[in-house]
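Structure file final_11.pdb (PDB, C-alpha atoms, pLDDT in the B column) follows.
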```pdb
ATOM      1  CA  GLN A   1       0.000   0.000   0.000  1.00 89.00           C
ATOM      2  CA  VAL A   2       1.050   3.568  -0.703  1.00 92.00           C
ATOM      3  CA  GLN A   3      -0.244   6.608   1.137  1.00 95.00           C
ATOM      4  CA  LEU A   4      -0.095  10.057  -0.418  1.00 96.00           C
ATOM      5  CA  VAL A   5      -0.344  13.358   1.434  1.00 94.00           C
ATOM      6  CA  GLU A   6      -0.668  16.555  -0.558  1.00 95.00           C
ATOM      7  CA  SER A   7      -0.041  20.125   0.502  1.00 94.00           C
ATOM      8  CA  GLY A   8       0.378  23.560  -0.993  1.00 95.00           C
ATOM      9  CA  GLY A   9      -2.969  24.433  -2.511  1.00 93.00           C
ATOM     10  CA  GLY A  10      -4.707  27.725  -1.935  1.00 97.00           C
ATOM     11  CA  LEU A  11      -5.977  30.951  -3.438  1.00 98.00           C
ATOM     12  CA  VAL A  12      -3.799  32.984  -5.778  1.00 97.00           C
ATOM     13  CA  GLN A  13      -4.334  35.796  -8.241  1.00 98.00           C
ATOM     14  CA  ALA A  14      -3.982  35.248 -11.962  1.00 98.00           C
ATOM     15  CA  GLY A  15      -0.344  35.396 -12.968  1.00 98.00           C
ATOM     16  CA  GLY A  16       0.803  34.161  -9.583  1.00 98.00           C
ATOM     17  CA  SER A  17       2.552  30.977  -8.529  1.00 98.00           C
ATOM     18  CA  LEU A  18       1.961  28.040  -6.224  1.00 98.00           C
ATOM     19  CA  ARG A  19       3.888  24.890  -5.423  1.00 98.00           C
ATOM     20  CA  LEU A  20       2.171  21.647  -4.614  1.00 98.00           C
ATOM     21  CA  SER A  21       3.886  18.844  -2.737  1.00 98.00           C
ATOM     22  CA  CYS A  22       2.965  15.196  -2.396  1.00 97.00           C
ATOM     23  CA  ALA A  23       4.735  12.901   0.032  1.00 96.00           C
ATOM     24  CA  ALA A  24       4.478   9.153  -0.422  1.00 94.00           C
ATOM     25  CA  SER A  25       4.791   6.637   2.382  1.00 90.00           C
ATOM     26  CA  GLY A  26       4.267   2.925   2.780  1.00 85.00           C
ATOM     27  CA  SER A  27       5.448   0.776  -0.132  1.00 79.00           C
ATOM     28  CA  SER A  28       6.924   3.791  -1.874  1.00 70.00           C
ATOM     29  CA  ARG A  29       9.825   1.785  -3.326  1.00 80.00           C
ATOM     30  CA  SER A  30       7.359   0.091  -5.651  1.00 85.00           C
ATOM     31  CA  ILE A  31       6.310   3.376  -7.257  1.00 87.00           C
ATOM     32  CA  ASN A  32       7.124   3.666 -10.964  1.00 91.00           C
ATOM     33  CA  ALA A  33       5.646   7.071 -11.661  1.00 94.00           C
ATOM     34  CA  MET A  34       4.085   9.936  -9.777  1.00 95.00           C
ATOM     35  CA  GLY A  35       2.001  12.729 -11.097  1.00 97.00           C
ATOM     36  CA  TRP A  36      -0.682  15.324 -10.717  1.00 98.00           C
ATOM     37  CA  TYR A  37      -4.206  15.334 -12.060  1.00 98.00           C
ATOM     38  CA  ARG A  38      -6.947  17.897 -11.649  1.00 98.00           C
ATOM     39  CA  GLN A  39     -10.700  17.909 -11.676  1.00 98.00           C
ATOM     40  CA  VAL A  40     -13.433  20.501 -11.770  1.00 97.00           C
ATOM     41  CA  PRO A  41     -17.069  19.753 -10.938  1.00 94.00           C
ATOM     42  CA  GLY A  42     -18.899  18.070 -13.777  1.00 95.00           C
ATOM     43  CA  LYS A  43     -15.758  17.168 -15.694  1.00 96.00           C
ATOM     44  CA  GLN A  44     -13.457  14.176 -15.813  1.00 97.00           C
ATOM     45  CA  ARG A  45     -10.212  14.146 -13.942  1.00 97.00           C
ATOM     46  CA  GLU A  46      -7.424  15.134 -16.318  1.00 98.00           C
ATOM     47  CA  LEU A  47      -3.699  14.661 -16.423  1.00 98.00           C
ATOM     48  CA  VAL A  48      -1.583  17.679 -15.521  1.00 98.00           C
ATOM     49  CA  ALA A  49       1.920  16.220 -15.340  1.00 98.00           C
ATOM     50  CA  VAL A  50       3.670  12.935 -14.667  1.00 98.00           C
ATOM     51  CA  ILE A  51       7.256  12.033 -13.828  1.00 97.00           C
ATOM     52  CA  THR A  52       8.705   8.536 -13.902  1.00 93.00           C
ATOM     53  CA  SER A  53      11.241   7.139 -11.482  1.00 88.00           C
ATOM     54  CA  GLY A  54      13.821   7.738 -14.194  1.00 89.00           C
ATOM     55  CA  GLY A  55      12.903  11.389 -14.486  1.00 93.00           C
ATOM     56  CA  THR A  56      10.936  11.366 -17.741  1.00 96.00           C
ATOM     57  CA  THR A  57       8.210  13.992 -17.669  1.00 98.00           C
ATOM     58  CA  THR A  58       4.919  14.407 -19.500  1.00 98.00           C
ATOM     59  CA  TYR A  59       2.736  17.514 -19.428  1.00 98.00           C
ATOM     60  CA  ALA A  60      -0.721  18.421 -20.571  1.00 98.00           C
ATOM     61  CA  ASP A  61      -0.565  20.891 -23.447  1.00 98.00           C
ATOM     62  CA  SER A  62      -2.488  23.428 -21.392  1.00 97.00           C
ATOM     63  CA  VAL A  63       0.278  23.679 -18.767  1.00 98.00           C
ATOM     64  CA  LYS A  64       3.445  23.277 -20.846  1.00 98.00           C
ATOM     65  CA  GLY A  65       5.848  26.104 -20.216  1.00 97.00           C
ATOM     66  CA  ARG A  66       4.024  27.169 -17.048  1.00 98.00           C
ATOM     67  CA  PHE A  67       4.142  24.136 -14.758  1.00 98.00           C
ATOM     68  CA  THR A  68       7.141  22.053 -13.758  1.00 98.00           C
ATOM     69  CA  ILE A  69       6.999  18.650 -12.113  1.00 98.00           C
ATOM     70  CA  SER A  70       9.947  17.367 -10.136  1.00 97.00           C
ATOM     71  CA  ARG A  71      10.671  14.486  -7.831  1.00 93.00           C
ATOM     72  CA  ASP A  72      12.895  13.927  -4.826  1.00 91.00           C
ATOM     73  CA  ASN A  73      13.346  10.176  -4.719  1.00 85.00           C
ATOM     74  CA  ALA A  74      15.190  10.310  -1.392  1.00 87.00           C
ATOM     75  CA  LYS A  75      12.174  11.982   0.196  1.00 89.00           C
ATOM     76  CA  ASN A  76       9.578  10.089  -1.861  1.00 89.00           C
ATOM     77  CA  THR A  77       8.072  13.442  -2.708  1.00 94.00           C
ATOM     78  CA  VAL A  78       6.828  14.931  -5.947  1.00 96.00           C
ATOM     79  CA  TYR A  79       6.381  18.645  -6.537  1.00 98.00           C
ATOM     80  CA  LEU A  80       4.373  20.690  -8.981  1.00 98.00           C
ATOM     81  CA  GLN A  81       5.607  24.230  -9.450  1.00 98.00           C
ATOM     82  CA  MET A  82       2.814  26.236 -11.050  1.00 98.00           C
ATOM     83  CA  SER A  83       3.558  29.648 -12.530  1.00 98.00           C
ATOM     84  CA  SER A  84       1.618  32.140 -14.635  1.00 98.00           C
ATOM     85  CA  LEU A  85      -1.547  30.696 -13.212  1.00 98.00           C
ATOM     86  CA  LYS A  86      -4.821  31.295 -15.006  1.00 98.00           C
ATOM     87  CA  PRO A  87      -8.410  31.188 -13.730  1.00 98.00           C
ATOM     88  CA  GLU A  88      -8.923  28.063 -15.830  1.00 97.00           C
ATOM     89  CA  ASP A  89      -6.312  26.303 -13.692  1.00 98.00           C
ATOM     90  CA  THR A  90      -8.808  26.388 -10.823  1.00 98.00           C
ATOM     91  CA  ALA A  91      -9.506  22.797  -9.775  1.00 98.00           C
ATOM     92  CA  VAL A  92      -8.924  20.179  -7.147  1.00 98.00           C
ATOM     93  CA  TYR A  93      -5.463  18.785  -7.752  1.00 98.00           C
ATOM     94  CA  TYR A  94      -4.823  15.132  -6.965  1.00 98.00           C
ATOM     95  CA  CYS A  95      -1.509  13.420  -6.500  1.00 98.00           C
ATOM     96  CA  ASN A  96      -1.163  10.021  -8.141  1.00 97.00           C
ATOM     97  CA  ALA A  97       1.311   7.179  -7.716  1.00 96.00           C
ATOM     98  CA  ARG A  98       1.501   4.151  -9.986  1.00 94.00           C
ATOM     99  CA  THR A  99       3.044   0.776  -9.248  1.00 92.00           C
ATOM    100  CA  HIS A 100       3.061  -2.291 -11.455  1.00 90.00           C
ATOM    101  CA  PHE A 101      -0.264  -3.400 -10.052  1.00 90.00           C
ATOM    102  CA  ASN A 102      -1.986  -0.455  -8.442  1.00 93.00           C
ATOM    103  CA  ASN A 103      -2.923   3.167  -8.802  1.00 94.00           C
ATOM    104  CA  TYR A 104      -3.029   5.372  -5.697  1.00 96.00           C
ATOM    105  CA  TRP A 105      -4.569   8.787  -5.131  1.00 97.00           C
ATOM    106  CA  GLY A 106      -4.168  11.530  -2.592  1.00 96.00           C
ATOM    107  CA  GLN A 107      -7.096  13.291  -0.970  1.00 96.00           C
ATOM    108  CA  GLY A 108      -6.855  16.316  -3.255  1.00 96.00           C
ATOM    109  CA  THR A 109      -5.962  19.930  -2.661  1.00 97.00           C
ATOM    110  CA  GLN A 110      -7.930  22.921  -3.912  1.00 97.00           C
ATOM    111  CA  VAL A 111      -6.252  25.464  -6.159  1.00 98.00           C
ATOM    112  CA  THR A 112      -8.249  28.602  -6.883  1.00 98.00           C
ATOM    113  CA  VAL A 113      -6.998  31.277  -9.266  1.00 98.00           C
ATOM    114  CA  SER A 114      -8.848  34.570  -9.143  1.00 97.00           C
ATOM    115  CA  SER A 115      -9.037  36.900 -12.125  1.00 93.00           C
TER     116      SER A 115
END
```
Written form, C-alpha cells:
Amino acid sequence: QVQLVESGGGLVQAGGSLRLSCAASGSSRSINAMGWYRQVPGKQRELVAVITSGGTTTYADSVKGRFTISRDNAKNTVYLQMSSLKPEDTAVYYCNARTHFNNYWGQGTQVTVSS
C-alpha cells in the first residue's frame, strides 16, 4: 500500500505561482511514476503532469511552459511548481502514484486562481 499526502494548494491571483507537494509513504519503493491530475465539478479528472522514477516527464498541453513537475526520490516526494496561473487552472489537484499493479490517489488539494 502507498499513502499520499498533498499540501500547498490555496488561493492565488492570476499570474501568480503556487507549489504543490505530495509525500508518499508505505510501499513507496514500488512506485514507478508519480504525477498530478486535476478535476473541476462536472468534468473528468485530467492529467496535468507525470514524472517517472527515471525522471521522464509528460505535461498536458495546457500547462506546458508554465508548470514544472519534479521528484525527490530520497524523500519520496513529488512537486508541482505552477507559474503564470490562469483562472482556468482552478480545480482540485490530486496526486497520483503508480506501481506495477496499483494506482493510488491523494485526498486532493484545492487550487483557486482569481481573475
Once the PyMOL selection byres ((chain A and resi 111) around 7) is applied to the coordinates I shared, what remains selected? I want it as an MDAnalysis selection string.
chainID A and resid 9:11 90:93 109:110 112:113
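Distances from A:Met34, A:Val63, A:Ile51, A:Ile69 to Ser84 (chain A) were compared using all atoms listed in the file, and the smallest one belongs to A:Val63.
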Min atom-atom distance to Gly54 (chain A) from the set A:Ala23, A:Ala33, A:Pro41, A:Leu85, counting only C-alpha atoms, belongs to A:Ala33
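Using only C-alpha atoms for every distance, the candidate list A:Ser7, A:Ser27, A:Thr77, A:Ser21 yields A:Ser27 as the residue closest to Asn102 (chain A).
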Go through the shown structure with the PyMOL selection byres ((chain A and resi 4) around 10) and write out the matching residues as a tab-separated table (two decimals) with C-alpha atoms, in the coordinates of the input.
```
chain	number	residue	atom	x	y	z
A	2	VAL	CA	1.05	3.57	-0.70
A	3	GLN	CA	-0.24	6.61	1.14
A	5	VAL	CA	-0.34	13.36	1.43
A	6	GLU	CA	-0.67	16.56	-0.56
A	21	SER	CA	3.89	18.84	-2.74
A	22	CYS	CA	2.96	15.20	-2.40
A	23	ALA	CA	4.74	12.90	0.03
A	24	ALA	CA	4.48	9.15	-0.42
A	25	SER	CA	4.79	6.64	2.38
A	26	GLY	CA	4.27	2.92	2.78
A	28	SER	CA	6.92	3.79	-1.87
A	76	ASN	CA	9.58	10.09	-1.86
A	77	THR	CA	8.07	13.44	-2.71
A	94	TYR	CA	-4.82	15.13	-6.96
A	95	CYS	CA	-1.51	13.42	-6.50
A	96	ASN	CA	-1.16	10.02	-8.14
A	97	ALA	CA	1.31	7.18	-7.72
A	104	TYR	CA	-3.03	5.37	-5.70
A	105	TRP	CA	-4.57	8.79	-5.13
A	106	GLY	CA	-4.17	11.53	-2.59
A	107	GLN	CA	-7.10	13.29	-0.97
A	108	GLY	CA	-6.86	16.32	-3.26
```
Close residues, Arg66 (chain A) itself excluded, 12 Å, only C-alpha atoms, min 2 positions apart in chain, as a list of chain:residue names:
A:Gly15, A:Gly16, A:Ser17, A:Leu18, A:Arg19, A:Val48, A:Ala49, A:Tyr59, A:Ala60, A:Asp61, A:Ser62, A:Val63, A:Lys64, A:Thr68, A:Ile69, A:Leu80, A:Gln81, A:Met82, A:Ser83, A:Ser84, A:Leu85, A:Lys86, A:Asp89
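Applied to this file, the PyMOL selection byres ((chain A and resi 100) around 8) selects the residues Ser30, Ile31, Asn32, Arg98, Thr99, Phe101 and Asn102 of chain A.
Comparing A:Thr57, A:Val50, A:Gly8, A:Phe67 by their smallest distance to Tyr37 (chain A), the closest is A:Val50 (using only C-alpha atoms).
The interatomic distance for the pair CA of Gln1 (chain A) and CA of Asn103 (chain A) works out to 9.8 Å.
Between Arg71 (chain A) and the residues A:Gln13, A:Arg38, A:Pro87, A:Leu20, the shortest atom-to-atom distance, using only C-alpha atoms, involves A:Leu20.
For the pair CA of Gly55 (chain A) and CA of Glu88 (chain A), the interatomic distance is 27.5 Å.
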Could region 91-102 of chain A be completed with all heavy atoms and written as a PDB file, in the coordinates of the input, please?
```pdb
ATOM      1  N   ALA A  91      -9.074  24.198  -9.834  1.00 98.00           N
ATOM      2  CA  ALA A  91      -9.506  22.797  -9.775  1.00 98.00           C
ATOM      3  C   ALA A  91      -9.049  22.192  -8.455  1.00 98.00           C
ATOM      4  O   ALA A  91      -8.270  22.807  -7.716  1.00 98.00           O
ATOM      5  CB  ALA A  91      -8.912  21.998 -10.927  1.00 98.00           C
ATOM      6  N   VAL A  92      -9.517  20.990  -8.201  1.00 98.00           N
ATOM      7  CA  VAL A  92      -8.924  20.179  -7.147  1.00 98.00           C
ATOM      8  C   VAL A  92      -7.803  19.369  -7.787  1.00 98.00           C
ATOM      9  O   VAL A  92      -8.022  18.688  -8.794  1.00 98.00           O
ATOM     10  CB  VAL A  92      -9.953  19.238  -6.495  1.00 98.00           C
ATOM     11  CG1 VAL A  92      -9.276  18.356  -5.446  1.00 98.00           C
ATOM     12  CG2 VAL A  92     -11.085  20.041  -5.865  1.00 98.00           C
ATOM     13  N   TYR A  93      -6.633  19.469  -7.223  1.00 98.00           N
ATOM     14  CA  TYR A  93      -5.463  18.785  -7.752  1.00 98.00           C
ATOM     15  C   TYR A  93      -5.192  17.528  -6.912  1.00 98.00           C
ATOM     16  O   TYR A  93      -5.133  17.602  -5.678  1.00 98.00           O
ATOM     17  CB  TYR A  93      -4.252  19.703  -7.737  1.00 98.00           C
ATOM     18  CG  TYR A  93      -4.286  20.735  -8.844  1.00 98.00           C
ATOM     19  CD1 TYR A  93      -5.224  21.767  -8.832  1.00 98.00           C
ATOM     20  CD2 TYR A  93      -3.408  20.659  -9.918  1.00 98.00           C
ATOM     21  CE1 TYR A  93      -5.279  22.688  -9.856  1.00 98.00           C
ATOM     22  CE2 TYR A  93      -3.446  21.586 -10.951  1.00 98.00           C
ATOM     23  CZ  TYR A  93      -4.389  22.598 -10.906  1.00 98.00           C
ATOM     24  OH  TYR A  93      -4.450  23.518 -11.933  1.00 98.00           O
ATOM     25  N   TYR A  94      -5.029  16.419  -7.616  1.00 98.00           N
ATOM     26  CA  TYR A  94      -4.823  15.132  -6.965  1.00 98.00           C
ATOM     27  C   TYR A  94      -3.442  14.582  -7.302  1.00 98.00           C
ATOM     28  O   TYR A  94      -3.034  14.559  -8.476  1.00 98.00           O
ATOM     29  CB  TYR A  94      -5.864  14.117  -7.421  1.00 98.00           C
ATOM     30  CG  TYR A  94      -7.270  14.439  -7.015  1.00 98.00           C
ATOM     31  CD1 TYR A  94      -8.104  15.179  -7.841  1.00 98.00           C
ATOM     32  CD2 TYR A  94      -7.775  13.995  -5.794  1.00 98.00           C
ATOM     33  CE1 TYR A  94      -9.403  15.486  -7.468  1.00 98.00           C
ATOM     34  CE2 TYR A  94      -9.075  14.288  -5.416  1.00 98.00           C
ATOM     35  CZ  TYR A  94      -9.883  15.035  -6.251  1.00 98.00           C
ATOM     36  OH  TYR A  94     -11.167  15.320  -5.869  1.00 98.00           O
ATOM     37  N   CYS A  95      -2.770  14.120  -6.304  1.00 98.00           N
ATOM     38  CA  CYS A  95      -1.509  13.420  -6.500  1.00 98.00           C
ATOM     39  C   CYS A  95      -1.799  11.963  -6.842  1.00 98.00           C
ATOM     40  O   CYS A  95      -2.750  11.356  -6.314  1.00 98.00           O
ATOM     41  CB  CYS A  95      -0.672  13.500  -5.233  1.00 98.00           C
ATOM     42  SG  CYS A  95       0.921  12.667  -5.330  1.00 98.00           S
ATOM     43  N   ASN A  96      -0.990  11.408  -7.715  1.00 97.00           N
ATOM     44  CA  ASN A  96      -1.163  10.021  -8.141  1.00 97.00           C
ATOM     45  C   ASN A  96       0.171   9.295  -8.097  1.00 97.00           C
ATOM     46  O   ASN A  96       1.208   9.867  -8.427  1.00 97.00           O
ATOM     47  CB  ASN A  96      -1.718   9.993  -9.569  1.00 97.00           C
ATOM     48  CG  ASN A  96      -1.739   8.604 -10.167  1.00 97.00           C
ATOM     49  OD1 ASN A  96      -0.812   8.189 -10.857  1.00 97.00           O
ATOM     50  ND2 ASN A  96      -2.800   7.875  -9.895  1.00 97.00           N
ATOM     51  N   ALA A  97       0.122   8.038  -7.691  1.00 96.00           N
ATOM     52  CA  ALA A  97       1.311   7.179  -7.716  1.00 96.00           C
ATOM     53  C   ALA A  97       0.929   5.853  -8.355  1.00 96.00           C
ATOM     54  O   ALA A  97      -0.111   5.274  -8.024  1.00 96.00           O
ATOM     55  CB  ALA A  97       1.853   6.959  -6.311  1.00 96.00           C
ATOM     56  N   ARG A  98       1.770   5.417  -9.284  1.00 94.00           N
ATOM     57  CA  ARG A  98       1.501   4.151  -9.986  1.00 94.00           C
ATOM     58  C   ARG A  98       2.580   3.133  -9.670  1.00 94.00           C
ATOM     59  O   ARG A  98       3.773   3.434  -9.714  1.00 94.00           O
ATOM     60  CB  ARG A  98       1.454   4.383 -11.490  1.00 94.00           C
ATOM     61  CG  ARG A  98       0.300   5.211 -11.987  1.00 94.00           C
ATOM     62  CD  ARG A  98       0.023   4.923 -13.465  1.00 94.00           C
ATOM     63  NE  ARG A  98       1.192   5.093 -14.285  1.00 94.00           N
ATOM     64  CZ  ARG A  98       1.459   6.198 -14.984  1.00 94.00           C
ATOM     65  NH1 ARG A  98       0.642   7.219 -14.927  1.00 94.00           N
ATOM     66  NH2 ARG A  98       2.539   6.266 -15.744  1.00 94.00           N
ATOM     67  N   THR A  99       2.141   1.914  -9.358  1.00 92.00           N
ATOM     68  CA  THR A  99       3.044   0.776  -9.248  1.00 92.00           C
ATOM     69  C   THR A  99       2.708  -0.190 -10.381  1.00 92.00           C
ATOM     70  O   THR A  99       1.865   0.106 -11.219  1.00 92.00           O
ATOM     71  CB  THR A  99       2.889   0.086  -7.889  1.00 92.00           C
ATOM     72  OG1 THR A  99       1.589  -0.531  -7.831  1.00 92.00           O
ATOM     73  CG2 THR A  99       3.024   1.083  -6.737  1.00 92.00           C
ATOM     74  N   HIS A 100       3.363  -1.318 -10.397  1.00 90.00           N
ATOM     75  CA  HIS A 100       3.061  -2.291 -11.455  1.00 90.00           C
ATOM     76  C   HIS A 100       1.605  -2.754 -11.398  1.00 90.00           C
ATOM     77  O   HIS A 100       1.011  -3.076 -12.421  1.00 90.00           O
ATOM     78  CB  HIS A 100       3.978  -3.503 -11.333  1.00 90.00           C
ATOM     79  CG  HIS A 100       5.353  -3.254 -11.848  1.00 90.00           C
ATOM     80  ND1 HIS A 100       5.617  -2.877 -13.150  1.00 90.00           N
ATOM     81  CD2 HIS A 100       6.560  -3.303 -11.236  1.00 90.00           C
ATOM     82  CE1 HIS A 100       6.908  -2.724 -13.305  1.00 90.00           C
ATOM     83  NE2 HIS A 100       7.515  -2.972 -12.175  1.00 90.00           N
ATOM     84  N   PHE A 101       1.045  -2.787 -10.213  1.00 90.00           N
ATOM     85  CA  PHE A 101      -0.264  -3.400 -10.052  1.00 90.00           C
ATOM     86  C   PHE A 101      -1.354  -2.463  -9.565  1.00 90.00           C
ATOM     87  O   PHE A 101      -2.532  -2.807  -9.643  1.00 90.00           O
ATOM     88  CB  PHE A 101      -0.160  -4.579  -9.067  1.00 90.00           C
ATOM     89  CG  PHE A 101       0.842  -5.612  -9.473  1.00 90.00           C
ATOM     90  CD1 PHE A 101       2.035  -5.746  -8.795  1.00 90.00           C
ATOM     91  CD2 PHE A 101       0.599  -6.435 -10.557  1.00 90.00           C
ATOM     92  CE1 PHE A 101       2.970  -6.698  -9.180  1.00 90.00           C
ATOM     93  CE2 PHE A 101       1.522  -7.381 -10.947  1.00 90.00           C
ATOM     94  CZ  PHE A 101       2.711  -7.521 -10.258  1.00 90.00           C
ATOM     95  N   ASN A 102      -0.978  -1.305  -9.048  1.00 93.00           N
ATOM     96  CA  ASN A 102      -1.986  -0.455  -8.442  1.00 93.00           C
ATOM     97  C   ASN A 102      -1.799   1.011  -8.809  1.00 93.00           C
ATOM     98  O   ASN A 102      -0.731   1.438  -9.242  1.00 93.00           O
ATOM     99  CB  ASN A 102      -1.950  -0.600  -6.915  1.00 93.00           C
ATOM    100  CG  ASN A 102      -2.487  -1.936  -6.454  1.00 93.00           C
ATOM    101  OD1 ASN A 102      -3.653  -2.242  -6.646  1.00 93.00           O
ATOM    102  ND2 ASN A 102      -1.621  -2.744  -5.851  1.00 93.00           N
TER     103      ASN A 102
END
```
